[in-house]
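Quick notes on the structure that follows.
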Amino acid sequence: MQKEISKIIFDSIKDGVFTVDKNCVIMSFNPSAERITGFTAREAIGKHCFDVFRTEICHKQCALKDTLKTKDPVEDAQVTIITRDGHEVAIQVTTTLLRNEKGEIIGAVEFFRDMSEVEHLRKSLNQKNNLKSIVSVTPKMQQLISLLPDVAESECNVLIQGPSGSGKELVAQVIHNLSPRRYGPYIKINCAALPVQLLESELFGYEKGAFTDAKRNKPGQFGLANNGTLLLDEISEMDVALQVKLLRVLNNGEYRPLGSTKTLHTNARILAATNANLQEAISYKRFREDLYYRINVVTLEIPSLRERPADIPLLVDHFLKIFKKKSRKPIESISPESLVVLRKYPFTGNVRELENAIEHAFVMCHGTVIQVEHLPPHITSYAIGTNGISVEKKNEKEIILDALRRHNGNRTRAAAELGVHRATLWRKIKSYRLSI
């Protein structure tokens, strides 16, 4: 009777449960274990547990083996198993010793819980948090943002193109953060910042005695980025001879440190970024065509800030929050007049130049609202030159009217341009008795 009750309890437990003998051969396997793994009890019983679960730690740090060896239980270990049909499933494992009626150790028992839903929610939250760092409402940028989770998960080589200051490094960082390599190293190196010999030693490393100042072995960035991501920024500036060596790494992961006869291997994921036209560089023999197609599995084009003026109010608000934390100044907002000035400026330095402009304004402003006179002089003088009238002399009523006219009375778009909430704009329209 006692055995029947134990069997009923064993079969009704929601978590997967199985027992093994001292050799880790499965002795029992409950229905929940069948459901999670895809193996039936008949298929599992009599086999070694690693033949059924096939986790990444089975032969290295098996929880059951640890428990049998140390006599200590393992609690809430996170592992990934491969189901019978080949799918990966995240599980949480707890193990303890199994004893007979005399108290003798006869094996171990493992309880495991399917964490797929929790892992999915964690992944979704991680995606949302990372994608929030890219501030944009324009369709072209929204399309790019929507691609990033799939691009990150694929682990393919990615070419990120866009003008200087547009956010290429930020996109590369988000790709790494969303990828399976997010817990590995993320290393970036600017190919334009170093002369060719120094860049080669930085990428591949060197052995002691390779050159005059090589007094010790030094690992290269390819080695340091193993199991992680390496961003090659401004890759168009890399010397053609060095491009040949890079191609070898991309083809088979092999490289050789300077002064060494030993071939090393890396599985670093390579992301490349450039503000140059690589097709043009190829035509002038400054960039290898075979390397271009090797790094160009997926291309992400980041538009200039001039192409996304609707993002300026959002970016300004984003930078306001950042600099408010850094400076601890009581600055709360930016005036509508200042936003008009910023929207008219071409921003050849893109998002980075806008960030610098807001930081400049934080230094100059001693009140709670950033005004036009707090912006950098070259930005305000441009606005004056293009309008023929000093923008700061325009009153709020005129600025609101201008915005409404530009958007044919669409209050939502006008509010976005002015950097205010739609309800705030509606109240101001009402107070000024505007009609358009």
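To be explicit about the labels: the chains of the structure tokens are called A, B, and onward in the order shown, and within each one the residues are counted from 1, while ligands get numbers from 1 in the order they are shown.
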Can you pull out every residue from stretch 6-193 of chain A that DSSP, working from the backbone, puts in strand (DSSP E), and format the result as a ChimeraX atom specification? /A:16-21,26-29,74-82,88-99,105-114,158-161,186-190
Selection export as a short mmCIF file (atom, residue, chain, number, x, y, z; two decimals), in the first residue's frame, atoms kept: C-alpha atoms:
```cif
data_model
loop_
_atom_site.label_atom_id
_atom_site.label_comp_id
_atom_site.auth_asym_id
_atom_site.auth_seq_id
_atom_site.Cartn_x
_atom_site.Cartn_y
_atom_site.Cartn_z
CA GLY A 16 10.32 16.17 -13.71
CA VAL A 17 11.75 13.57 -11.32
CA PHE A 18 14.06 10.63 -11.97
CA THR A 19 16.34 8.45 -9.89
CA VAL A 20 19.72 6.94 -10.73
CA ASP A 21 21.94 4.31 -9.17
CA ILE A 26 18.30 5.79 -14.61
CA MET A 27 16.08 3.62 -12.41
CA SER A 28 12.78 5.55 -12.55
CA PHE A 29 11.32 8.36 -14.68
CA VAL A 74 22.76 20.72 -5.52
CA GLU A 75 20.03 23.36 -5.53
CA ASP A 76 18.54 25.35 -8.42
CA ALA A 77 21.33 24.77 -10.95
CA GLN A 78 20.54 26.29 -14.35
CA VAL A 79 21.25 24.04 -17.35
CA THR A 80 20.00 23.50 -20.88
CA ILE A 81 18.98 20.03 -22.07
CA ILE A 82 18.35 18.73 -25.58
CA GLU A 88 16.96 23.07 -26.40
CA VAL A 89 15.04 23.51 -23.14
CA ALA A 90 16.24 25.53 -20.15
CA ILE A 91 15.69 23.68 -16.85
CA GLN A 92 16.39 24.26 -13.16
CA VAL A 93 17.92 21.27 -11.38
CA THR A 94 17.92 20.16 -7.73
CA THR A 95 19.56 16.89 -6.64
CA THR A 96 19.85 14.93 -3.43
CA LEU A 97 21.03 11.47 -2.29
CA LEU A 98 18.77 8.43 -2.48
CA ARG A 99 18.94 6.02 0.47
CA ILE A 105 23.27 5.40 -0.29
CA ILE A 106 21.96 3.59 -3.35
CA GLY A 107 21.96 6.47 -5.81
CA ALA A 108 20.55 9.96 -6.26
CA VAL A 109 17.34 11.71 -7.25
CA GLU A 110 16.99 14.76 -9.48
CA PHE A 111 14.08 17.18 -9.61
CA PHE A 112 14.01 19.46 -12.65
CA ARG A 113 11.66 22.22 -13.74
CA ASP A 114 10.97 23.47 -17.26
CA VAL A 158 27.35 42.00 -39.60
CA LEU A 159 28.38 45.16 -41.43
CA ILE A 160 27.05 48.34 -39.82
CA GLN A 161 27.15 51.35 -42.12
CA TYR A 186 32.77 42.56 -25.96
CA ILE A 187 35.83 44.25 -27.43
CA LYS A 188 35.96 47.15 -29.90
CA ILE A 189 38.97 48.40 -31.78
CA ASN A 190 39.21 51.40 -34.09
#
```
For stretch 344-410 of chain A versus stretch 310-333 of chain A, which residues have an atom no more than 9 Å away, and what is each residue's nearest atom pair and distance in Å rounded to one decimal, using only C-alpha atoms, chain-then-number order, as JSON lines?
```
{"residue": "A:Val351", "atom": "CA", "partner": "A:Leu315", "partner_atom": "CA", "distance": 8.0}
{"residue": "A:Leu354", "atom": "CA", "partner": "A:Val316", "partner_atom": "CA", "distance": 7.7}
{"residue": "A:Glu355", "atom": "CA", "partner": "A:Phe319", "partner_atom": "CA", "distance": 6.4}
{"residue": "A:Ile358", "atom": "CA", "partner": "A:Phe319", "partner_atom": "CA", "distance": 6.8}
{"residue": "A:Glu359", "atom": "CA", "partner": "A:Phe323", "partner_atom": "CA", "distance": 6.8}
{"residue": "A:Phe362", "atom": "CA", "partner": "A:Phe323", "partner_atom": "CA", "distance": 7.3}
{"residue": "A:Val363", "atom": "CA", "partner": "A:Ser327", "partner_atom": "CA", "distance": 8.8}
{"residue": "A:Cys365", "atom": "CA", "partner": "A:Ile331", "partner_atom": "CA", "distance": 7.9}
{"residue": "A:His366", "atom": "CA", "partner": "A:Ile331", "partner_atom": "CA", "distance": 7.9}
{"residue": "A:Gly367", "atom": "CA", "partner": "A:Ile331", "partner_atom": "CA", "distance": 6.4}
{"residue": "A:Thr368", "atom": "CA", "partner": "A:Ile331", "partner_atom": "CA", "distance": 4.0}
{"residue": "A:Val369", "atom": "CA", "partner": "A:Ser333", "partner_atom": "CA", "distance": 5.0}
{"residue": "A:Ile370", "atom": "CA", "partner": "A:Ser333", "partner_atom": "CA", "distance": 6.4}
```
Give me a file of those residues, with C-alpha atoms, as a compact mmCIF listing (two decimals), in the first residue's frame.
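The file below, result_19.txt, is the result:
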```txt
# COMPACT_ATOMS: atom_id res chain seq x y z
CA VAL A 351 23.58 62.12 -32.79
CA LEU A 354 23.42 66.69 -30.73
CA GLU A 355 24.58 65.06 -27.48
CA ILE A 358 22.92 69.39 -24.97
CA GLU A 359 25.96 68.89 -22.74
CA PHE A 362 23.87 72.08 -19.40
CA VAL A 363 27.12 73.91 -18.70
CA CYS A 365 22.19 77.00 -18.21
CA HIS A 366 21.66 78.04 -14.59
CA GLY A 367 17.88 77.85 -14.59
CA THR A 368 15.41 75.03 -15.00
CA VAL A 369 14.77 75.38 -18.76
CA ILE A 370 17.38 75.36 -21.54
```
Would you pick out the contacts of stretch 396-406 of chain A at 9 Å or less, using only C-alpha atoms, so that residues sharing its chain but fewer than 2 positions from it are not included, and give the list as a PyMOL selection string? chain A and resi 336-337+340+394+408-411+413-415+417-418+425+428-429+432+434-436
Using only N, CA and C atoms, please write the residues we just selected to a file, as an mmCIF file, in the first residue's frame.
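Saved the output as again.cif:
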```
data_model
loop_
_atom_site.group_PDB
_atom_site.id
_atom_site.type_symbol
_atom_site.label_atom_id
_atom_site.label_comp_id
_atom_site.auth_asym_id
_atom_site.auth_seq_id
_atom_site.Cartn_x
_atom_site.Cartn_y
_atom_site.Cartn_z
ATOM 1 N N PRO A 336 10.562 75.397 -26.340
ATOM 2 C CA PRO A 336 10.139 75.118 -27.721
ATOM 3 C C PRO A 336 11.003 75.848 -28.743
ATOM 4 N N GLU A 337 11.416 77.091 -28.414
ATOM 5 C CA GLU A 337 12.266 77.857 -29.330
ATOM 6 C C GLU A 337 13.587 77.130 -29.587
ATOM 7 N N VAL A 340 13.127 74.234 -31.961
ATOM 8 C CA VAL A 340 13.013 74.703 -33.347
ATOM 9 C C VAL A 340 14.404 74.944 -33.933
ATOM 10 N N LYS A 394 11.229 85.057 -31.533
ATOM 11 C CA LYS A 394 9.874 84.580 -31.816
ATOM 12 C C LYS A 394 9.204 84.194 -30.508
ATOM 13 N N ASN A 408 0.108 70.724 -41.364
ATOM 14 C CA ASN A 408 -1.286 70.837 -41.816
ATOM 15 C C ASN A 408 -2.303 70.648 -40.686
ATOM 16 N N GLY A 409 -1.984 71.211 -39.532
ATOM 17 C CA GLY A 409 -2.901 71.162 -38.396
ATOM 18 C C GLY A 409 -2.853 69.887 -37.587
ATOM 19 N N ASN A 410 -1.988 68.941 -37.956
ATOM 20 C CA ASN A 410 -1.894 67.672 -37.216
ATOM 21 C C ASN A 410 -1.209 67.926 -35.864
ATOM 22 N N ARG A 411 -1.992 67.855 -34.798
ATOM 23 C CA ARG A 411 -1.474 68.211 -33.472
ATOM 24 C C ARG A 411 -0.470 67.194 -32.931
ATOM 25 N N ARG A 413 1.720 65.392 -34.667
ATOM 26 C CA ARG A 413 3.032 65.610 -35.285
ATOM 27 C C ARG A 413 3.652 66.931 -34.821
ATOM 28 N N ALA A 414 2.812 67.945 -34.681
ATOM 29 C CA ALA A 414 3.319 69.240 -34.204
ATOM 30 C C ALA A 414 3.866 69.114 -32.789
ATOM 31 N N ALA A 415 3.164 68.363 -31.932
ATOM 32 C CA ALA A 415 3.625 68.153 -30.550
ATOM 33 C C ALA A 415 4.959 67.408 -30.526
ATOM 34 N N GLU A 417 7.268 67.447 -32.875
ATOM 35 C CA GLU A 417 8.318 68.374 -33.305
ATOM 36 C C GLU A 417 8.710 69.328 -32.181
ATOM 37 N N LEU A 418 7.717 69.792 -31.445
ATOM 38 C CA LEU A 418 7.979 70.764 -30.381
ATOM 39 C C LEU A 418 8.501 70.115 -29.102
ATOM 40 N N LEU A 425 0.158 70.678 -25.744
ATOM 41 C CA LEU A 425 -0.040 71.492 -26.943
ATOM 42 C C LEU A 425 -1.497 71.941 -27.051
ATOM 43 N N LYS A 428 -2.158 74.855 -24.790
ATOM 44 C CA LYS A 428 -1.566 76.098 -25.285
ATOM 45 C C LYS A 428 -2.365 76.651 -26.471
ATOM 46 N N ILE A 429 -2.837 75.765 -27.339
ATOM 47 C CA ILE A 429 -3.677 76.200 -28.476
ATOM 48 C C ILE A 429 -4.941 76.874 -27.961
ATOM 49 N N TYR A 432 -4.093 80.333 -26.350
ATOM 50 C CA TYR A 432 -3.792 81.368 -27.339
ATOM 51 C C TYR A 432 -4.954 81.569 -28.328
ATOM 52 N N LEU A 434 -5.917 79.644 -30.810
ATOM 53 C CA LEU A 434 -5.404 79.426 -32.164
ATOM 54 C C LEU A 434 -6.395 78.562 -32.945
ATOM 55 N N SER A 435 -6.478 78.852 -34.227
ATOM 56 C CA SER A 435 -7.295 78.022 -35.106
ATOM 57 C C SER A 435 -6.560 77.863 -36.426
ATOM 58 N N ILE A 436 -6.477 76.615 -36.895
ATOM 59 C CA ILE A 436 -5.781 76.359 -38.160
ATOM 60 C C ILE A 436 -6.397 75.143 -38.845
#
```
Near A:Ala192, counting only C-alpha atoms, which residues have an atom at most 9 Å away, once you skip same-chain residues fewer than 6 positions from it, shown as an NGL selection string? :A and (199 or 233-238)
Save the residues we just selected, N, CA and C atoms, as a PDB file, in the first residue's frame?
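Output below, filename again03.pdb:
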```
ATOM      1  N   LEU A 199      48.317  47.972 -35.323  1.00  0.00           N
ATOM      2  CA  LEU A 199      46.989  47.356 -35.429  1.00  0.00           C
ATOM      3  C   LEU A 199      47.112  45.842 -35.563  1.00  0.00           C
ATOM      4  N   ASP A 233      35.787  48.710 -35.807  1.00  0.00           N
ATOM      5  CA  ASP A 233      35.242  50.003 -36.216  1.00  0.00           C
ATOM      6  C   ASP A 233      36.134  50.629 -37.285  1.00  0.00           C
ATOM      7  N   GLU A 234      35.509  51.363 -38.214  1.00  0.00           N
ATOM      8  CA  GLU A 234      36.217  51.990 -39.339  1.00  0.00           C
ATOM      9  C   GLU A 234      37.090  50.965 -40.068  1.00  0.00           C
ATOM     10  N   ILE A 235      36.490  49.837 -40.413  1.00  0.00           N
ATOM     11  CA  ILE A 235      37.222  48.749 -41.061  1.00  0.00           C
ATOM     12  C   ILE A 235      37.753  49.148 -42.435  1.00  0.00           C
ATOM     13  N   SER A 236      37.145  50.159 -43.045  1.00  0.00           N
ATOM     14  CA  SER A 236      37.589  50.622 -44.365  1.00  0.00           C
ATOM     15  C   SER A 236      39.015  51.170 -44.329  1.00  0.00           C
ATOM     16  N   GLU A 237      39.491  51.559 -43.133  1.00  0.00           N
ATOM     17  CA  GLU A 237      40.830  52.129 -42.996  1.00  0.00           C
ATOM     18  C   GLU A 237      41.904  51.069 -42.789  1.00  0.00           C
ATOM     19  N   MET A 238      41.509  49.808 -42.749  1.00  0.00           N
ATOM     20  CA  MET A 238      42.491  48.735 -42.539  1.00  0.00           C
ATOM     21  C   MET A 238      43.342  48.537 -43.781  1.00  0.00           C
TER      22      MET A 238
END
```
If you run DSSP over the backbone, which residues in stretch 220-398 of chain A end up helix (DSSP H, G or I)? Put them as a PyMOL selection string. chain A and resi 221-224+235-237+240-252+278-283+289-295+305-307+309-327+336-344+350-364+372-374+377-387+391-393+396-398
Give me the residues within 8 Å of A:Glu155 as an MDAnalysis selection string, counting only C-alpha atoms and dropping any in the same chain fewer than 2 places off. chainID A and resid 151:153 157 179:180 269
